Each structure stands twice: as structure tokens, then as C-alpha cells.
$ cat start09.txt   # compact mmCIF, C-alpha atoms
# COMPACT_ATOMS: atom_id res chain seq x y z
CA ALA A 1316 20.55 8.73 24.59
CA THR A 1317 20.16 11.55 22.05
CA LEU A 1318 21.01 10.65 18.46
CA THR A 1319 23.24 12.92 16.44
CA PRO A 1320 21.95 14.37 13.13
CA SER A 1321 24.04 11.90 11.12
CA GLN A 1322 22.64 9.00 13.15
CA ASN A 1323 19.12 10.29 12.60
CA GLN A 1324 19.77 10.51 8.86
CA ALA A 1325 21.19 7.00 8.77
CA SER A 1326 18.18 5.62 10.67
CA PHE A 1327 15.83 7.41 8.30
CA VAL A 1328 17.54 6.03 5.19
CA ILE A 1329 17.65 2.49 6.61
CA ALA A 1330 13.93 2.64 7.40
CA MET A 1331 13.11 3.87 3.89
CA SER A 1332 15.30 1.17 2.32
CA LEU A 1333 13.52 -1.54 4.29
CA ALA A 1334 10.15 -0.11 3.28
CA LEU A 1335 11.07 -0.12 -0.42
CA ALA A 1336 12.61 -3.58 -0.23
CA SER A 1337 9.40 -4.99 1.22
CA SER A 1338 7.15 -3.24 -1.30
CA SER A 1339 6.82 -6.37 -3.45
CA LEU A 1340 5.05 -8.03 -0.51
CA ALA A 1341 2.89 -5.07 0.36
CA LEU A 1342 -0.21 -6.38 -1.42
CA ASN A 1343 0.17 -9.93 -0.14
CA VAL A 1344 -1.87 -9.39 2.99
CA ALA A 1345 -3.83 -12.03 4.82
CA PRO A 1346 -6.96 -13.16 2.97
CA ARG A 1347 -10.52 -13.19 4.26
CA SER A 1348 -11.25 -15.90 6.75
CA GLY A 1349 -12.82 -19.04 5.35
CA PRO A 1350 -12.50 -22.79 5.21
CA VAL A 1351 -9.07 -24.15 4.42
CA LYS A 1352 -8.92 -25.97 1.09
CA ALA A 1353 -6.60 -28.90 0.59
CA VAL A 1354 -3.81 -28.22 -1.94
CA ALA A 1355 -2.00 -30.89 -3.91
CA ALA A 1356 1.59 -31.39 -2.86
CA GLU A 1357 4.18 -29.82 -5.15
CA PRO A 1358 7.29 -31.61 -6.37
CA VAL A 1359 10.40 -30.74 -4.41
CA ALA A 1360 13.90 -30.03 -5.64
CA SER A 1361 16.60 -32.66 -5.67
CA LYS A 1362 20.31 -32.65 -6.40
CA ALA A 1363 19.61 -34.23 -9.79
CA ASP A 1364 17.58 -31.20 -10.91
CA PHE A 1365 19.32 -28.10 -9.59
CA ALA A 1366 16.88 -25.23 -9.02
CA TYR A 1367 14.38 -26.86 -11.39
CA GLY A 1368 16.56 -26.01 -14.36
CA LEU A 1369 16.64 -22.26 -13.71
CA PRO A 1370 19.74 -20.49 -15.08
CA GLY A 1371 22.31 -19.22 -12.65
CA ASN A 1372 24.53 -22.20 -11.81
CA ILE A 1373 27.41 -20.57 -13.66
CA ALA A 1374 31.03 -21.70 -13.72
CA PRO A 1375 33.20 -21.73 -11.71
CA ALA A 1376 30.72 -21.93 -8.81
CA GLY A 1377 28.37 -24.34 -10.60
CA ASN A 1378 25.62 -25.79 -8.39
CA PHE A 1379 26.43 -23.43 -5.53
CA ASP A 1380 24.17 -24.14 -2.55
CA PRO A 1381 26.44 -24.46 0.52
CA ALA A 1382 23.55 -24.02 2.96
CA ASN A 1383 21.54 -26.74 1.15
CA LEU A 1384 18.52 -24.44 0.87
CA LEU A 1385 17.19 -26.13 -2.27
CA GLU A 1386 16.88 -29.59 -0.76
CA GLY A 1387 13.20 -30.35 -0.22
CA THR A 1388 12.07 -26.90 -1.41
CA SER A 1389 9.01 -26.69 -3.67
CA LYS A 1390 9.21 -25.37 -7.21
CA SER A 1391 6.97 -22.37 -6.46
CA GLU A 1392 9.23 -21.36 -3.56
CA VAL A 1393 12.40 -21.67 -5.67
CA TYR A 1394 10.76 -19.57 -8.38
CA ARG A 1395 9.81 -16.98 -5.76
CA TRP A 1396 13.43 -16.80 -4.59
CA ARG A 1397 14.59 -16.28 -8.16
CA GLU A 1398 12.03 -13.53 -8.67
CA ALA A 1399 13.37 -11.78 -5.57
CA GLU A 1400 16.98 -12.22 -6.71
CA LEU A 1401 16.26 -10.79 -10.15
CA THR A 1402 14.30 -7.85 -8.74
CA HIS A 1403 17.03 -6.92 -6.27
CA GLY A 1404 19.73 -7.54 -8.89
CA ARG A 1405 18.12 -5.13 -11.33
CA VAL A 1406 17.77 -2.49 -8.61
CA GLY A 1407 21.40 -3.16 -7.61
CA MET A 1408 22.63 -2.59 -11.16
CA LEU A 1409 20.74 0.71 -11.39
CA ALA A 1410 22.01 1.77 -7.96
CA ALA A 1411 25.64 0.94 -8.77
CA ALA A 1412 25.41 2.78 -12.09
CA GLY A 1413 23.82 5.73 -10.30
CA PHE A 1414 26.69 5.96 -7.81
CA LEU A 1415 29.16 6.11 -10.70
CA VAL A 1416 27.26 8.49 -13.00
CA GLN A 1417 25.85 11.02 -10.55
CA GLU A 1418 29.31 12.16 -9.43
CA GLY A 1419 29.67 14.05 -12.69
CA PHE A 1420 26.14 14.20 -14.13
CA HIS A 1421 23.19 15.23 -11.98
CA PRO A 1422 20.76 17.41 -13.98
CA LEU A 1423 17.84 16.90 -11.57
CA PHE A 1424 19.59 17.96 -8.37
CA SER A 1425 21.62 20.89 -7.10
CA ALA A 1426 24.87 18.93 -6.75
CA ASP A 1427 25.34 19.66 -3.06
CA GLY A 1428 27.92 16.89 -2.92
CA GLY A 1429 28.67 14.45 -0.17
CA PRO A 1430 27.55 10.89 0.53
CA ALA A 1431 24.13 9.77 -0.64
CA ILE A 1432 23.14 8.90 2.92
CA GLU A 1433 23.31 12.64 3.69
CA GLN A 1434 21.69 13.82 0.47
CA ILE A 1435 18.60 11.57 0.54
CA PRO A 1436 16.96 13.18 3.62
CA ALA A 1437 17.58 16.61 2.09
CA LEU A 1438 15.46 15.91 -1.00
CA PRO A 1439 12.43 18.20 -1.39
CA PRO A 1440 8.97 16.71 -0.65
CA ALA A 1441 8.00 16.91 -4.33
CA ILE A 1442 10.84 14.55 -5.28
CA TRP A 1443 9.79 12.13 -2.54
CA PHE A 1444 6.22 12.17 -3.86
CA LEU A 1445 7.34 11.53 -7.44
CA MET A 1446 9.71 8.73 -6.41
CA THR A 1447 7.05 7.05 -4.27
CA LEU A 1448 4.52 7.35 -7.09
CA GLY A 1449 6.92 5.95 -9.69
CA ILE A 1450 8.02 3.05 -7.50
CA GLY A 1451 4.42 2.30 -6.59
CA ILE A 1452 3.34 2.18 -10.24
CA CYS A 1453 6.24 -0.10 -11.20
CA GLU A 1454 5.66 -2.46 -8.28
CA THR A 1455 1.91 -2.59 -8.94
CA LEU A 1456 2.49 -3.59 -12.56
CA ARG A 1457 5.05 -6.21 -11.52
CA ILE A 1458 2.77 -7.70 -8.88
CA GLN A 1459 -0.19 -7.83 -11.26
CA LYS A 1460 1.99 -9.52 -13.88
CA GLY A 1461 3.51 -12.26 -11.78
CA TRP A 1462 1.76 -12.69 -8.43
CA GLU A 1463 -1.45 -14.49 -7.53
CA ASN A 1464 -4.30 -12.53 -6.01
CA PRO A 1465 -4.05 -13.27 -2.26
CA TYR A 1466 -7.83 -12.92 -1.94
CA SER A 1467 -8.61 -15.60 -4.53
CA GLY A 1468 -9.41 -19.06 -3.21
CA ASP A 1469 -10.73 -20.10 0.17
CA GLY A 1470 -7.45 -20.72 1.95
CA GLN A 1471 -3.99 -19.21 2.18
CA GLU A 1472 -2.47 -21.05 -0.77
CA ASN A 1473 -2.08 -17.83 -2.80
CA ILE A 1474 -0.27 -15.79 -0.17
CA GLN A 1475 3.09 -14.63 -1.60
CA LYS A 1476 2.74 -17.03 -4.52
CA LEU A 1477 3.69 -16.52 -8.16
CA LYS A 1478 1.23 -17.30 -10.93
CA ALA A 1479 1.54 -20.80 -12.35
CA ASP A 1480 2.23 -19.52 -15.89
CA TYR A 1481 4.72 -16.83 -14.82
CA TYR A 1482 8.45 -17.30 -15.32
CA PRO A 1483 10.63 -15.40 -12.82
CA GLY A 1484 11.77 -12.05 -14.18
CA ASP A 1485 9.75 -12.23 -17.41
CA LEU A 1486 7.71 -9.03 -17.18
CA GLY A 1487 7.15 -8.80 -20.92
CA PHE A 1488 9.10 -5.53 -21.05
CA ASP A 1489 11.29 -5.55 -24.16
CA PRO A 1490 10.80 -2.26 -26.04
CA LEU A 1491 13.99 -2.75 -28.08
CA GLY A 1492 13.26 -6.35 -29.04
CA LEU A 1493 16.49 -7.68 -27.51
CA LYS A 1494 15.05 -10.95 -26.17
CA PRO A 1495 16.52 -13.85 -28.19
CA THR A 1496 14.20 -16.39 -29.76
CA ASP A 1497 16.77 -19.17 -29.59
CA PRO A 1498 16.53 -20.99 -26.20
CA ALA A 1499 20.32 -21.34 -25.87
CA GLU A 1500 20.90 -17.63 -26.53
CA LEU A 1501 18.07 -16.72 -24.15
CA ARG A 1502 19.59 -18.79 -21.36
CA GLU A 1503 22.98 -17.20 -21.96
CA MET A 1504 21.43 -13.73 -21.70
CA GLN A 1505 19.61 -14.73 -18.50
CA GLU A 1506 22.88 -15.93 -16.98
CA LYS A 1507 24.57 -12.68 -17.94
CA GLU A 1508 21.79 -10.68 -16.27
CA LEU A 1509 22.11 -12.79 -13.12
CA SER A 1510 25.89 -12.34 -13.03
CA HIS A 1511 25.66 -8.59 -13.49
CA GLY A 1512 22.78 -8.33 -11.02
CA ARG A 1513 24.71 -10.19 -8.32
CA LEU A 1514 27.72 -7.97 -8.93
CA GLY A 1515 25.48 -4.89 -8.89
CA MET A 1516 24.06 -5.78 -5.48
CA LEU A 1517 27.54 -6.24 -4.03
CA ALA A 1518 28.77 -3.02 -5.67
CA ALA A 1519 25.85 -0.93 -4.41
CA ALA A 1520 26.28 -2.32 -0.89
CA GLY A 1521 30.00 -1.52 -1.10
CA PHE A 1522 29.36 2.04 -2.24
CA MET A 1523 26.92 2.65 0.62
CA ALA A 1524 29.18 1.07 3.24
CA GLN A 1525 32.24 3.01 2.04
CA GLU A 1526 30.36 6.33 2.08
CA ALA A 1527 28.86 5.66 5.52
CA VAL A 1528 32.24 4.79 7.03
CA SER A 1529 34.44 7.40 5.34
CA GLY A 1530 31.94 10.22 4.94
CA LYS A 1531 33.19 10.71 1.36
CA THR A 1532 31.93 9.69 -2.05
CA TRP A 1533 33.87 7.19 -4.12
CA SER A 1534 35.43 9.96 -6.25
CA GLN A 1535 36.51 11.93 -3.17
CA GLN A 1536 38.06 8.94 -1.45
CA ASP A 1537 41.80 8.66 -2.00
CA VAL A 1538 42.47 4.93 -1.91
CA ASN A 1539 46.07 3.78 -2.29
CA PHE A 1540 45.74 0.09 -3.05
CA GLU A 1541 49.51 -0.26 -3.25
CA GLY A 1542 49.84 1.01 0.29
CA LEU A 1543 46.87 -1.06 1.41
CA LEU A 1544 48.36 -4.31 0.15
CA LEU A 1545 52.06 -3.63 0.71
CA GLY A 1546 51.97 -0.92 3.34
CA GLY A 1547 53.82 -2.95 5.95
CA TYR A 1548 56.59 -3.89 3.53
CA PHE A 1549 57.07 -0.31 2.34
CA SER A 1550 57.08 0.98 5.92
CA GLN A 1551 59.85 -1.49 6.82
CA GLU A 1552 61.86 -0.54 3.72
CA ALA A 1553 61.48 3.17 4.52
CA ALA A 1554 62.62 2.58 8.12
CA GLU A 1555 65.72 0.72 6.92
CA VAL A 1556 66.60 3.46 4.43
CA ALA A 1557 66.18 6.13 7.13
CA ARG A 1558 68.34 4.13 9.51
CA ASP A 1559 71.06 3.70 6.90
CA ALA A 1560 70.97 7.38 6.05
CA ALA A 1561 71.25 8.33 9.72
CA ALA A 1562 74.16 5.92 10.21
CA SER A 1563 76.06 7.29 7.19
CA ALA A 1564 75.59 10.86 8.40
CA LEU A 1565 77.41 10.14 11.65
$ encode --input "start09.txt" --output "C-alpha cells"
Amino acid sequence: ATLTPSQNQASFVIAMSLALASSSLALNVAPRSGPVKAVAAEPVASKADFAYGLPGNIAPAGNFDPANLLEGTSKSEVYRWREAELTHGRVGMLAAAGFLVQEGFHPLFSADGGPAIEQIPALPPAIWFLMTLGIGICETLRIQKGWENPYSGDGQENIQKLKADYYPGDLGFDPLGLKPTDPAELREMQEKELSHGRLGMLAAAGFMAQEAVSGKTWSQQDVNFEGLLLGGYFSQEAAEVARDAAASAL
């Protein structure tokens, strides 16, 4: 079957999104062949030590792990999950803020309007080159900071593995000196970042889904929450009023 232009654009954007999302794993390719070296077993998580003490078990959810993914999972794997969550959360916050701001402030683009899923394929090649270059530089620095060299060692123990001295999310980037020195304040700030990052991911996904379904941006969409929640009740009330008015007119 022949795809419509909008379907082609959607497929293109989905493919690019998957490519960018997997960029953090791009350098973790299979190592050179060689003898397999025995690796000491890592400690595994237990219910007594939720996520190895990582922040994020915030009230009211607390130790939220309904799928029991942490049970029996090694510390390096839990840290890798947290690194992925923080990375996607930070991108989600930027994306959600971009959806809100660019409706009224877009100095770099021509303001053609319309959903982002239709604007992205229309970007000029120069912008694509600059975006790819910028994302590549950022990801390269992040990988060099926190990830083991997959070619080091004789086996596959360093494939997709964080460095032993790296703490998830700590890239050393703090130009304004906002990182607290007090451990309690630092943990509170980490929990705030996690909360906002999780919300940002949900918000960005919501923006994209709403635009894809409605074909309108969030500022163009006329959403009547009162009618959405109480539409049936108001429709019944309006029908009764109309019926009463018709009866009194007779």
C-alpha cells in the first residue's frame, strides 16, 4: 500500500527518534574476539536495600517496583538503568519546555506553524547537520565520562557497562556552582531532578501524541475540560431545558 505524506513524515520522525534514543549505545559495539576472562560476581539488590540507596523512591510511591525488576539485579545494572532514566528525563524536560516556549518564541526558524511532527522533516539540511554534530559531541563526552571502553579487557565484561567510579548522572557539569556540598541537600536536589525528569518525559510524550492525533499544536487546540468531564451531564440538562421550553410553548 502507498503511504500518504503524513504517514511518511511520521515514519521518518519515529526512525530518527529511535536513532537518537539509541545513540548512548552506539559506541558499545562487540569487542575483539579473545579468551573469556572470569569476572567476580557482583552483589545483587534486595528488598532491604532498595536500588542500592539511589535516590528516587519518593513519597507517596516510595519503593515503587511493581514488576519486581530490582530483585536479583546487580548494582552495575541498576546504575545503568538510573543513567538511562536521568538521560531521558533531562531530554524530556528540554523537550517539554521546547513545546511550550516555541509557540511564541522561535528566533531560529521561520515559524511555519503546525505540529512538530510536520515541521521536523521540513528542516533545512544545514540544521540537520548542526543538530547531529551537537548531539554527537554531547553523547561522546557523556560516554567518555561514564562508560567503560568496550574494547578494554579480554572478554565482554565491559559491554554497556558504567565505570566503577562513576555515579549515574554526575557528568561534572555545574557551571553555576549549584551542586550542594551537604549530602542531604544533594539528595533532595537529585530527587527533585528525578521528579521533574519523569514528569518531563510524560509531558513530552503527551505533547507529541496530542499533536499527532489532532493535527494541532497545544496552543491551537481548544480543549474544554468542563465539557470533557461533565459533557454527559450538561447534555442531559440541555435536553431537559429544551423539552420544557417546547412544552411551555404549546
$ residues_near_point --input "start09.txt" --point "(-1.5, -15.0, -3.5)" --cutoff "7 Å" --atoms "only C-alpha atoms" --output "PyMOL selection string"
chain A and resi 1343+1462-1466+1472-1476
$ closest_residue --input "start09.txt" --among "A:Leu1384, A:Ala1527, A:Met1408, A:Leu1401" --to "A:Tyr1482" --atoms "all atoms listed in the file"
A:Leu1401
$ residues_around --input "start09.txt" --residues "A:Glu1508" --least-positions-apart "5" --cutoff "12 Å" --atoms "all atoms listed in the file" --output "number ranges by chain"
A: 1370-1371, 1373, 1400-1408, 1484, 1494, 1501-1503, 1513-1515
$ atom_distance --input "start09.txt" --atom1 "atom CA of A:Ala1518" --atom2 "atom CA of A:Leu1409"
10.5 Å
$ atom_distance --input "start09.txt" --atom1 "atom CA of A:Met1504" --atom2 "atom CA of A:Leu1415"
24.0 Å
$ atom_distance --input "start09.txt" --atom1 "atom CA of A:Glu1398" --atom2 "atom CA of A:Ala1366"
12.7 Å
$ closest_residue --input "start09.txt" --among "A:Leu1486, A:Leu1385, A:Ala1520, A:Ala1562" --to "A:Leu1456" --atoms "all atoms listed in the file"
A:Leu1486
$ residues_around --input "start09.txt" --residues "A:Ser1534" --least-positions-apart "4" --cutoff "12 Å" --atoms "all atoms listed in the file" --output "number ranges by chain"
A: 1414-1419, 1428-1430, 1522, 1525-1526, 1529-1530, 1538
$ residues_near_point --input "start09.txt" --point "(2.3, -5.3, -11.5)" --cutoff "12 Å" --atoms "only C-alpha atoms" --output "list in words"
Ser1338, Ser1339, Leu1340, Ala1341, Leu1342, Ile1450, Gly1451, Ile1452, Cys1453, Glu1454, Thr1455, Leu1456, Arg1457, Ile1458, Gln1459, Lys1460, Gly1461, Trp1462, Glu1463, Asn1464, Leu1477, Gly1484, Asp1485, Leu1486, Gly1487 and Phe1488 of chain A
